[in-house]
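Report on one structure; see the data block that follows.
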Amino acid sequence: MNGPVVVGVDGSPSSLTAVETAAREARLRGVGLHVVHVFIWPNMHVSLTPSPIGPPGGGLRNLAERVLAEAVRHAREAAPDVAV
C-alpha cells in the first residue's frame, strides 16, 4: 500500500487517539496522512455560517475547522516528519 493513511476525527478523545495512531502508521509506511471530519447537518439545511445573533466564531464551519486543527496538531506531535 502506497497511498496516504486516512483517519476520521470528531473531536472526541478516542478520535484524537486514532489520529495519533494513524500518524505513526503513516510514518512507518512512509506516506502522508489525511485527516477528515464529516457531518450531515448541511443535508438537513442547517447553516454552516455563524448565526447573525451568535458569536462570530460560531457556526458549523468554524467548529469543523477547530476540530480539524486540533487533530492536525495531535498528528504533528505524534509524527512530526509526516505530511498532514
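Ordering of the C-alpha cells sets the chain letters (A, B, ...), residue numbers begin anew at 1 in every chain, and ligands are numbered from 1 in the order given.
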
Query raised in the report: Can you list, as an MDAnalysis selection string, every protein, DNA or RNA residue that comes within 6 Å of region 31-40 of chain A when you count only C-alpha atoms, leaving out same-chain residues fewer than 5 positions away?
Result: chainID A and resid 4:9 26 82:84

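Minimum atom-to-atom distance to Ala78 (chain A), evaluated using only C-alpha atoms, belongs to A:Ala23 out of A:Asn2, A:Ala23, A:Leu63, A:Leu28.
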
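Put simply, CA of Ala64 (chain A) is 20.1 Å away from CA of Glu77 (chain A).
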
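From CA of Leu60 (chain A) back to CA of Pro80 (chain A), the distance works out to 28.5 Å.
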
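Nearest residue to Arg29 (chain A), choosing from A:Gly3, A:Val72, A:Ser12, A:Thr17 and counting only C-alpha atoms: A:Gly3.
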
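Between CA of Val67 (chain A) and CA of Leu16 (chain A) lies a distance of 9.6 Å.
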